[in-house]
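Peer 1: This is the content of coords-v7.txt (compact mmCIF, N, CA and C atoms):
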```txt
# COMPACT_ATOMS: atom_id res chain seq x y z
N MET J 1 0.85 -1.18 0.00
CA MET J 1 0.00 0.00 0.00
C MET J 1 0.89 1.23 0.00
N THR J 2 0.36 2.33 -0.48
CA THR J 2 1.12 3.57 -0.49
C THR J 2 1.05 4.24 0.88
N LYS J 3 1.89 5.22 1.07
CA LYS J 3 1.90 5.95 2.34
C LYS J 3 0.56 6.66 2.57
N GLN J 4 0.00 7.22 1.49
CA GLN J 4 -1.29 7.92 1.60
C GLN J 4 -2.41 6.95 1.95
N GLU J 5 -2.40 5.75 1.36
CA GLU J 5 -3.40 4.74 1.70
C GLU J 5 -3.27 4.31 3.15
N ALA J 6 -2.04 4.16 3.61
CA ALA J 6 -1.81 3.78 5.01
C ALA J 6 -2.31 4.84 5.96
N MET J 7 -2.06 6.10 5.63
CA MET J 7 -2.50 7.19 6.51
C MET J 7 -4.03 7.28 6.53
N ALA J 8 -4.68 7.04 5.39
CA ALA J 8 -6.14 7.04 5.35
C ALA J 8 -6.69 5.88 6.17
N HIS J 9 -6.06 4.72 6.07
CA HIS J 9 -6.50 3.56 6.86
C HIS J 9 -6.34 3.83 8.36
N CYS J 10 -5.23 4.42 8.74
CA CYS J 10 -4.98 4.72 10.16
C CYS J 10 -6.04 5.65 10.73
N ALA J 11 -6.49 6.60 9.92
CA ALA J 11 -7.50 7.55 10.38
C ALA J 11 -8.81 6.86 10.75
N THR J 12 -9.11 5.75 10.09
CA THR J 12 -10.35 5.03 10.38
C THR J 12 -10.16 3.85 11.33
N ALA J 13 -8.91 3.52 11.65
CA ALA J 13 -8.62 2.33 12.46
C ALA J 13 -8.11 2.66 13.85
N ASN J 14 -8.29 3.90 14.31
CA ASN J 14 -7.87 4.31 15.65
C ASN J 14 -6.37 4.15 15.86
N ILE J 15 -5.60 4.46 14.80
CA ILE J 15 -4.15 4.36 14.84
C ILE J 15 -3.57 5.74 14.60
N GLU J 16 -2.72 6.21 15.51
CA GLU J 16 -2.03 7.47 15.29
C GLU J 16 -0.91 7.24 14.30
N CYS J 17 -0.77 8.15 13.36
CA CYS J 17 0.17 7.97 12.27
C CYS J 17 0.96 9.26 12.05
N THR J 18 2.29 9.16 12.06
CA THR J 18 3.15 10.31 11.81
C THR J 18 4.13 9.96 10.71
N GLU J 19 4.19 10.79 9.70
CA GLU J 19 5.13 10.56 8.60
C GLU J 19 6.50 11.09 9.00
N VAL J 20 7.55 10.31 8.76
CA VAL J 20 8.91 10.74 9.06
C VAL J 20 9.76 10.64 7.80
N GLY J 21 10.75 11.51 7.68
CA GLY J 21 11.59 11.56 6.50
C GLY J 21 12.92 10.86 6.70
N GLU J 22 13.80 11.02 5.73
CA GLU J 22 15.12 10.39 5.76
C GLU J 22 15.96 10.82 6.96
N ASP J 23 15.71 12.02 7.49
CA ASP J 23 16.47 12.51 8.63
C ASP J 23 16.11 11.80 9.94
N PHE J 24 15.01 11.03 9.95
CA PHE J 24 14.62 10.26 11.13
C PHE J 24 15.66 9.17 11.35
N GLU J 25 16.00 8.88 12.59
CA GLU J 25 17.08 7.94 12.90
C GLU J 25 16.91 6.55 12.28
N LEU J 26 15.68 6.10 12.07
CA LEU J 26 15.45 4.77 11.50
C LEU J 26 15.14 4.81 10.01
N GLY J 27 15.09 5.98 9.42
CA GLY J 27 14.80 6.11 7.99
C GLY J 27 13.39 6.57 7.72
N ALA J 28 13.12 6.88 6.44
CA ALA J 28 11.81 7.38 6.03
C ALA J 28 10.74 6.32 6.19
N GLY J 29 9.55 6.75 6.56
CA GLY J 29 8.43 5.82 6.72
C GLY J 29 7.35 6.44 7.58
N LEU J 30 6.69 5.60 8.35
CA LEU J 30 5.62 6.03 9.24
C LEU J 30 5.89 5.54 10.65
N VAL J 31 5.59 6.37 11.63
CA VAL J 31 5.63 5.96 13.04
C VAL J 31 4.17 5.81 13.46
N LEU J 32 3.81 4.62 13.92
CA LEU J 32 2.43 4.29 14.21
C LEU J 32 2.27 3.89 15.67
N SER J 33 1.13 4.25 16.24
CA SER J 33 0.79 3.77 17.58
C SER J 33 -0.72 3.61 17.68
N TRP J 34 -1.14 2.57 18.38
CA TRP J 34 -2.55 2.29 18.57
C TRP J 34 -3.04 3.10 19.75
N ARG J 35 -4.12 3.83 19.57
CA ARG J 35 -4.65 4.70 20.63
C ARG J 35 -5.19 3.91 21.81
N GLY J 36 -5.49 2.63 21.64
CA GLY J 36 -6.03 1.83 22.73
C GLY J 36 -4.99 1.07 23.52
N ALA J 37 -3.71 1.24 23.18
CA ALA J 37 -2.65 0.49 23.87
C ALA J 37 -2.54 0.95 25.32
N PRO J 38 -2.34 0.01 26.26
CA PRO J 38 -2.21 0.39 27.66
C PRO J 38 -0.96 1.24 27.92
N GLU J 39 0.09 1.00 27.19
CA GLU J 39 1.29 1.81 27.32
C GLU J 39 1.60 2.38 25.93
N HIS J 40 2.43 3.38 25.88
CA HIS J 40 2.69 4.04 24.60
C HIS J 40 3.67 3.22 23.77
N GLU J 41 3.14 2.41 22.87
CA GLU J 41 3.95 1.59 21.98
C GLU J 41 4.01 2.27 20.62
N GLU J 42 5.19 2.43 20.08
CA GLU J 42 5.33 3.00 18.75
C GLU J 42 6.01 1.99 17.83
N ILE J 43 5.53 1.92 16.61
CA ILE J 43 6.08 1.02 15.60
C ILE J 43 6.56 1.89 14.45
N HIS J 44 7.78 1.64 13.97
CA HIS J 44 8.29 2.35 12.80
C HIS J 44 8.23 1.39 11.61
N VAL J 45 7.58 1.82 10.54
CA VAL J 45 7.48 1.01 9.33
C VAL J 45 8.13 1.80 8.20
N LYS J 46 9.18 1.24 7.63
CA LYS J 46 9.88 1.90 6.53
C LYS J 46 9.03 1.85 5.26
N ASP J 47 9.29 2.80 4.36
CA ASP J 47 8.53 2.89 3.11
C ASP J 47 8.54 1.58 2.32
N ALA J 48 9.71 0.93 2.23
CA ALA J 48 9.81 -0.31 1.46
C ALA J 48 8.94 -1.42 2.05
N ALA J 49 8.90 -1.51 3.37
CA ALA J 49 8.08 -2.53 4.03
C ALA J 49 6.60 -2.19 3.90
N LEU J 50 6.27 -0.92 3.95
CA LEU J 50 4.89 -0.46 3.86
C LEU J 50 4.27 -0.87 2.53
N ALA J 51 5.06 -0.83 1.47
CA ALA J 51 4.57 -1.17 0.13
C ALA J 51 4.10 -2.62 0.05
N LYS J 52 4.59 -3.48 0.93
CA LYS J 52 4.27 -4.92 0.89
C LYS J 52 3.10 -5.28 1.80
N LEU J 53 2.61 -4.33 2.60
CA LEU J 53 1.57 -4.63 3.58
C LEU J 53 0.17 -4.34 3.06
N THR J 54 -0.80 -5.10 3.57
CA THR J 54 -2.21 -4.80 3.34
C THR J 54 -2.71 -4.01 4.55
N PRO J 55 -3.85 -3.34 4.46
CA PRO J 55 -4.40 -2.64 5.62
C PRO J 55 -4.59 -3.56 6.84
N ALA J 56 -5.06 -4.78 6.61
CA ALA J 56 -5.26 -5.72 7.72
C ALA J 56 -3.95 -6.09 8.39
N GLN J 57 -2.90 -6.29 7.60
CA GLN J 57 -1.59 -6.62 8.16
C GLN J 57 -1.05 -5.44 8.97
N LEU J 58 -1.22 -4.24 8.46
CA LEU J 58 -0.75 -3.05 9.17
C LEU J 58 -1.44 -2.93 10.52
N THR J 59 -2.75 -3.12 10.55
CA THR J 59 -3.49 -3.05 11.81
C THR J 59 -3.01 -4.13 12.78
N ARG J 60 -2.79 -5.34 12.29
CA ARG J 60 -2.33 -6.44 13.15
C ARG J 60 -0.96 -6.13 13.75
N ILE J 61 -0.07 -5.52 12.97
CA ILE J 61 1.26 -5.16 13.47
C ILE J 61 1.14 -4.13 14.59
N VAL J 62 0.35 -3.10 14.35
CA VAL J 62 0.24 -2.00 15.32
C VAL J 62 -0.48 -2.42 16.59
N THR J 63 -1.53 -3.23 16.47
CA THR J 63 -2.28 -3.66 17.64
C THR J 63 -1.66 -4.87 18.32
N ASN J 64 -0.53 -5.33 17.78
CA ASN J 64 0.20 -6.45 18.36
C ASN J 64 -0.65 -7.71 18.41
N GLY J 65 -1.49 -7.88 17.39
CA GLY J 65 -2.32 -9.08 17.29
C GLY J 65 -3.55 -9.07 18.18
N ARG J 66 -3.76 -8.02 18.96
CA ARG J 66 -4.94 -7.97 19.82
C ARG J 66 -6.19 -7.73 18.97
N ASP J 67 -7.27 -8.38 19.32
CA ASP J 67 -8.54 -8.18 18.61
C ASP J 67 -9.15 -6.89 19.15
N VAL J 68 -9.24 -5.91 18.29
CA VAL J 68 -9.61 -4.57 18.73
C VAL J 68 -10.93 -4.15 18.11
N THR J 69 -11.83 -3.67 18.94
CA THR J 69 -13.08 -3.09 18.47
C THR J 69 -13.25 -1.76 19.18
N GLN J 70 -13.44 -0.70 18.42
CA GLN J 70 -13.65 0.60 19.03
C GLN J 70 -15.15 0.83 19.19
N VAL J 71 -15.55 1.19 20.39
CA VAL J 71 -16.94 1.48 20.70
C VAL J 71 -16.99 2.89 21.25
N THR J 72 -18.01 3.62 20.87
CA THR J 72 -18.16 4.97 21.40
C THR J 72 -19.62 5.22 21.74
N ARG J 73 -19.84 6.20 22.61
CA ARG J 73 -21.21 6.54 23.01
C ARG J 73 -21.52 7.92 22.48
N ILE J 74 -22.41 7.96 21.53
CA ILE J 74 -22.86 9.24 20.98
C ILE J 74 -24.38 9.23 21.01
N VAL J 75 -24.96 10.34 21.35
CA VAL J 75 -26.41 10.52 21.51
C VAL J 75 -27.07 9.42 22.34
N GLY J 76 -26.40 9.04 23.43
CA GLY J 76 -27.03 8.19 24.43
C GLY J 76 -26.92 6.70 24.27
N TYR J 77 -26.30 6.20 23.22
CA TYR J 77 -26.17 4.75 23.10
C TYR J 77 -24.79 4.39 22.58
N PHE J 78 -24.37 3.17 22.85
CA PHE J 78 -23.06 2.68 22.40
C PHE J 78 -23.19 2.02 21.04
N SER J 79 -22.18 2.21 20.21
CA SER J 79 -22.17 1.53 18.91
C SER J 79 -20.74 1.25 18.48
N HIS J 80 -20.58 0.25 17.62
CA HIS J 80 -19.27 -0.12 17.11
C HIS J 80 -18.90 0.82 15.98
N VAL J 81 -17.73 1.43 16.09
CA VAL J 81 -17.27 2.40 15.11
C VAL J 81 -17.03 1.72 13.76
N GLN J 82 -16.65 0.44 13.76
CA GLN J 82 -16.36 -0.25 12.51
C GLN J 82 -17.57 -0.33 11.58
N ASN J 83 -18.76 -0.15 12.11
CA ASN J 83 -19.98 -0.21 11.29
C ASN J 83 -20.37 1.14 10.71
N TRP J 84 -19.63 2.19 11.02
CA TRP J 84 -19.99 3.53 10.59
C TRP J 84 -19.55 3.80 9.16
N ASN J 85 -20.28 4.71 8.50
CA ASN J 85 -19.88 5.11 7.16
C ASN J 85 -18.80 6.20 7.24
N LYS J 86 -18.28 6.58 6.08
CA LYS J 86 -17.16 7.52 6.00
C LYS J 86 -17.51 8.87 6.64
N SER J 87 -18.71 9.35 6.45
CA SER J 87 -19.11 10.64 7.00
C SER J 87 -19.16 10.63 8.52
N LYS J 88 -19.72 9.57 9.09
CA LYS J 88 -19.80 9.45 10.55
C LYS J 88 -18.40 9.33 11.16
N LEU J 89 -17.50 8.59 10.50
CA LEU J 89 -16.11 8.49 10.98
C LEU J 89 -15.44 9.86 10.96
N GLY J 90 -15.74 10.66 9.95
CA GLY J 90 -15.21 12.02 9.88
C GLY J 90 -15.70 12.87 11.04
N GLU J 91 -16.98 12.73 11.39
CA GLU J 91 -17.53 13.44 12.54
C GLU J 91 -16.82 13.05 13.83
N LEU J 92 -16.58 11.75 14.01
CA LEU J 92 -15.90 11.27 15.21
C LEU J 92 -14.48 11.84 15.30
N LYS J 93 -13.77 11.84 14.18
CA LYS J 93 -12.42 12.38 14.15
C LYS J 93 -12.42 13.86 14.52
N ASP J 94 -13.41 14.62 13.99
CA ASP J 94 -13.50 16.04 14.30
C ASP J 94 -13.82 16.30 15.76
N ARG J 95 -14.55 15.41 16.40
CA ARG J 95 -14.90 15.58 17.82
C ARG J 95 -13.67 15.56 18.72
N HIS J 96 -12.62 14.87 18.30
CA HIS J 96 -11.42 14.74 19.12
C HIS J 96 -10.47 15.91 18.96
N LYS J 97 -10.73 16.78 17.98
CA LYS J 97 -9.85 17.91 17.76
C LYS J 97 -10.19 19.02 18.74
N GLY J 98 -9.21 19.85 19.05
CA GLY J 98 -9.47 21.02 19.87
C GLY J 98 -8.68 21.04 21.16
N ASP J 99 -8.65 22.19 21.75
CA ASP J 99 -7.97 22.39 23.03
C ASP J 99 -9.05 22.40 24.10
N TYR J 100 -9.09 21.38 24.92
CA TYR J 100 -10.14 21.24 25.93
C TYR J 100 -9.69 21.65 27.33
N SER J 101 -8.54 22.36 27.40
CA SER J 101 -8.07 22.80 28.71
C SER J 101 -8.96 23.93 29.23
N VAL J 102 -9.01 24.04 30.54
CA VAL J 102 -9.81 25.07 31.18
C VAL J 102 -8.89 26.20 31.60
N ALA J 103 -9.17 27.40 31.11
CA ALA J 103 -8.34 28.56 31.43
C ALA J 103 -8.35 28.81 32.94
N GLY J 104 -7.18 29.01 33.50
CA GLY J 104 -7.06 29.31 34.91
C GLY J 104 -7.02 28.08 35.81
N ALA J 105 -7.22 26.91 35.28
CA ALA J 105 -7.19 25.69 36.09
C ALA J 105 -5.75 25.29 36.38
N ARG J 106 -5.53 24.77 37.58
CA ARG J 106 -4.20 24.28 37.94
C ARG J 106 -4.02 22.86 37.48
N ALA J 107 -2.81 22.57 37.01
CA ALA J 107 -2.52 21.20 36.52
C ALA J 107 -2.21 20.27 37.66
```
Kindly present the structure from the file in structure tokens form.
Peer 2:
Amino acid sequence: MTKQEAMAHCATANIECTEVGEDFELGAGLVLSWRGAPEHEEIHVKDAALAKLTPAQLTRIVTNGRDVTQVTRIVGYFSHVQNWNKSKLGELKDRHKGDYSVAGARA
């Protein structure tokens, strides 16, 4: 798959994706982490290796083989995100954007 296809897949699969260039210590590619991981695990996938992967293989690598289902509660009920269409996934992604800090609050 191409880098753009991988980044689009990550956006819908609850995977954080950062593109890195040749100046990155491990080489050009993507740095990936699963948002549901108990600890912050990062995986570096070089461009050459990325070209040989399918979206399912990429997800399996990042989730470390764990069977992952994202569930969210919107408008009062729980639903599986994997069943949502492209527009609803876009809405979910937009909901996570923003600065939610409270002005004047102590950390």
Peer 1: Which distance in Å separates atom CA of J:Thr12 and atom CA of J:Ala56, to one decimal?
Peer 2: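 These two atoms are separated by 12.2 Å.
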Peer 1: As a PyMOL selection string, which residues of chain J does DSSP assign to strand (DSSP E or B)?
Peer 2: chain J and resi 15-20+29-34+43-46+71-74+77-80
Peer 1: Taking N, CA and C atoms for each residue, export the selection above as a short mmCIF file (atom, residue, chain, number, x, y, z; two decimals), in the frame of the given file.
Peer 2:
```
data_model
loop_
_atom_site.label_atom_id
_atom_site.label_comp_id
_atom_site.auth_asym_id
_atom_site.auth_seq_id
_atom_site.Cartn_x
_atom_site.Cartn_y
_atom_site.Cartn_z
N ILE J 15 -5.60 4.46 14.80
CA ILE J 15 -4.15 4.36 14.84
C ILE J 15 -3.57 5.74 14.60
N GLU J 16 -2.72 6.21 15.51
CA GLU J 16 -2.03 7.47 15.29
C GLU J 16 -0.91 7.24 14.30
N CYS J 17 -0.77 8.15 13.36
CA CYS J 17 0.17 7.97 12.27
C CYS J 17 0.96 9.26 12.05
N THR J 18 2.29 9.16 12.06
CA THR J 18 3.15 10.31 11.81
C THR J 18 4.13 9.96 10.71
N GLU J 19 4.19 10.79 9.70
CA GLU J 19 5.13 10.56 8.60
C GLU J 19 6.50 11.09 9.00
N VAL J 20 7.55 10.31 8.76
CA VAL J 20 8.91 10.74 9.06
C VAL J 20 9.76 10.64 7.80
N GLY J 29 9.55 6.75 6.56
CA GLY J 29 8.43 5.82 6.72
C GLY J 29 7.35 6.44 7.58
N LEU J 30 6.69 5.60 8.35
CA LEU J 30 5.62 6.03 9.24
C LEU J 30 5.89 5.54 10.65
N VAL J 31 5.59 6.37 11.63
CA VAL J 31 5.63 5.96 13.04
C VAL J 31 4.17 5.81 13.46
N LEU J 32 3.81 4.62 13.92
CA LEU J 32 2.43 4.29 14.21
C LEU J 32 2.27 3.89 15.67
N SER J 33 1.13 4.25 16.24
CA SER J 33 0.79 3.77 17.58
C SER J 33 -0.72 3.61 17.68
N TRP J 34 -1.14 2.57 18.38
CA TRP J 34 -2.55 2.29 18.57
C TRP J 34 -3.04 3.10 19.75
N ILE J 43 5.53 1.92 16.61
CA ILE J 43 6.08 1.02 15.60
C ILE J 43 6.56 1.89 14.45
N HIS J 44 7.78 1.64 13.97
CA HIS J 44 8.29 2.35 12.80
C HIS J 44 8.23 1.39 11.61
N VAL J 45 7.58 1.82 10.54
CA VAL J 45 7.48 1.01 9.33
C VAL J 45 8.13 1.80 8.20
N LYS J 46 9.18 1.24 7.63
CA LYS J 46 9.88 1.90 6.53
C LYS J 46 9.03 1.85 5.26
N VAL J 71 -15.55 1.19 20.39
CA VAL J 71 -16.94 1.48 20.70
C VAL J 71 -16.99 2.89 21.25
N THR J 72 -18.01 3.62 20.87
CA THR J 72 -18.16 4.97 21.40
C THR J 72 -19.62 5.22 21.74
N ARG J 73 -19.84 6.20 22.61
CA ARG J 73 -21.21 6.54 23.01
C ARG J 73 -21.52 7.92 22.48
N ILE J 74 -22.41 7.96 21.53
CA ILE J 74 -22.86 9.24 20.98
C ILE J 74 -24.38 9.23 21.01
N TYR J 77 -26.30 6.20 23.22
CA TYR J 77 -26.17 4.75 23.10
C TYR J 77 -24.79 4.39 22.58
N PHE J 78 -24.37 3.17 22.85
CA PHE J 78 -23.06 2.68 22.40
C PHE J 78 -23.19 2.02 21.04
N SER J 79 -22.18 2.21 20.21
CA SER J 79 -22.17 1.53 18.91
C SER J 79 -20.74 1.25 18.48
N HIS J 80 -20.58 0.25 17.62
CA HIS J 80 -19.27 -0.12 17.11
C HIS J 80 -18.90 0.82 15.98
#
```
Peer 1: List every residue of stretch 14-95 of chain J that has an atom at most 6 Å from any atom of stretch 3-10 of chain J, giving for each one its closest atom pair and the distance in Å to one decimal, counting all atoms listed in the file, sorted by chain and then by ascending residue number, as CSV.
Peer 2:
```
residue,atom,partner,partner_atom,distance
J:Asn14,N,J:Cys10,C,4.6
J:Ile15,N,J:Cys10,C,4.3
J:Glu16,N,J:Cys10,C,5.8
```
Peer 1: Record the distance separating atom C of J:Ser87 and atom CA of J:Val45, expressed in Å with one decimal.
Peer 2: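 So the answer is 28.3 Å.
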Peer 1: For a test of reading the model, state the distance in Å between atom CA of J:Trp84 and atom N of J:Lys46, rounded to one decimal.
Peer 2: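 About the pair atom CA of J:Trp84 and atom N of J:Lys46: they are 29.4 Å apart.
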Peer 1: Determine the nearest neighbour of J:Leu53 from the options J:Leu32, J:Ala105, J:Met1, J:Val81, counting only C-alpha atoms.
Peer 2: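 Closest to J:Leu53, using only C-alpha atoms: J:Met1.
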Peer 1: Hey, can you pull every residue with an atom no more than 12 Å from (-16.2, 8.7, 12.2), using only C-alpha atoms, and send it as a ChimeraX atom specification?
Peer 2: /J:11-14,70-72,74,79-96
Peer 1: Pull the helix (DSSP H, G or I) assignments for chain J out of DSSP run on the backbone, and list those residues as a PyMOL selection string.
Peer 2: chain J and resi 3-12+47-50+55-62+81-83+86-95
Peer 1: For J:Ile43, which residue out of J:Val62, J:Phe78, J:Gln57, J:Gly27 is the nearest one, using all atoms listed in the file?
Peer 2: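 Distance minimum relative to J:Ile43 lands on J:Val62.
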Peer 1: Nearest residue to J:Val20 out of J:Thr2, J:Asp99, J:Trp34, J:Asp47, using only C-alpha atoms?
Peer 2: J:Asp47
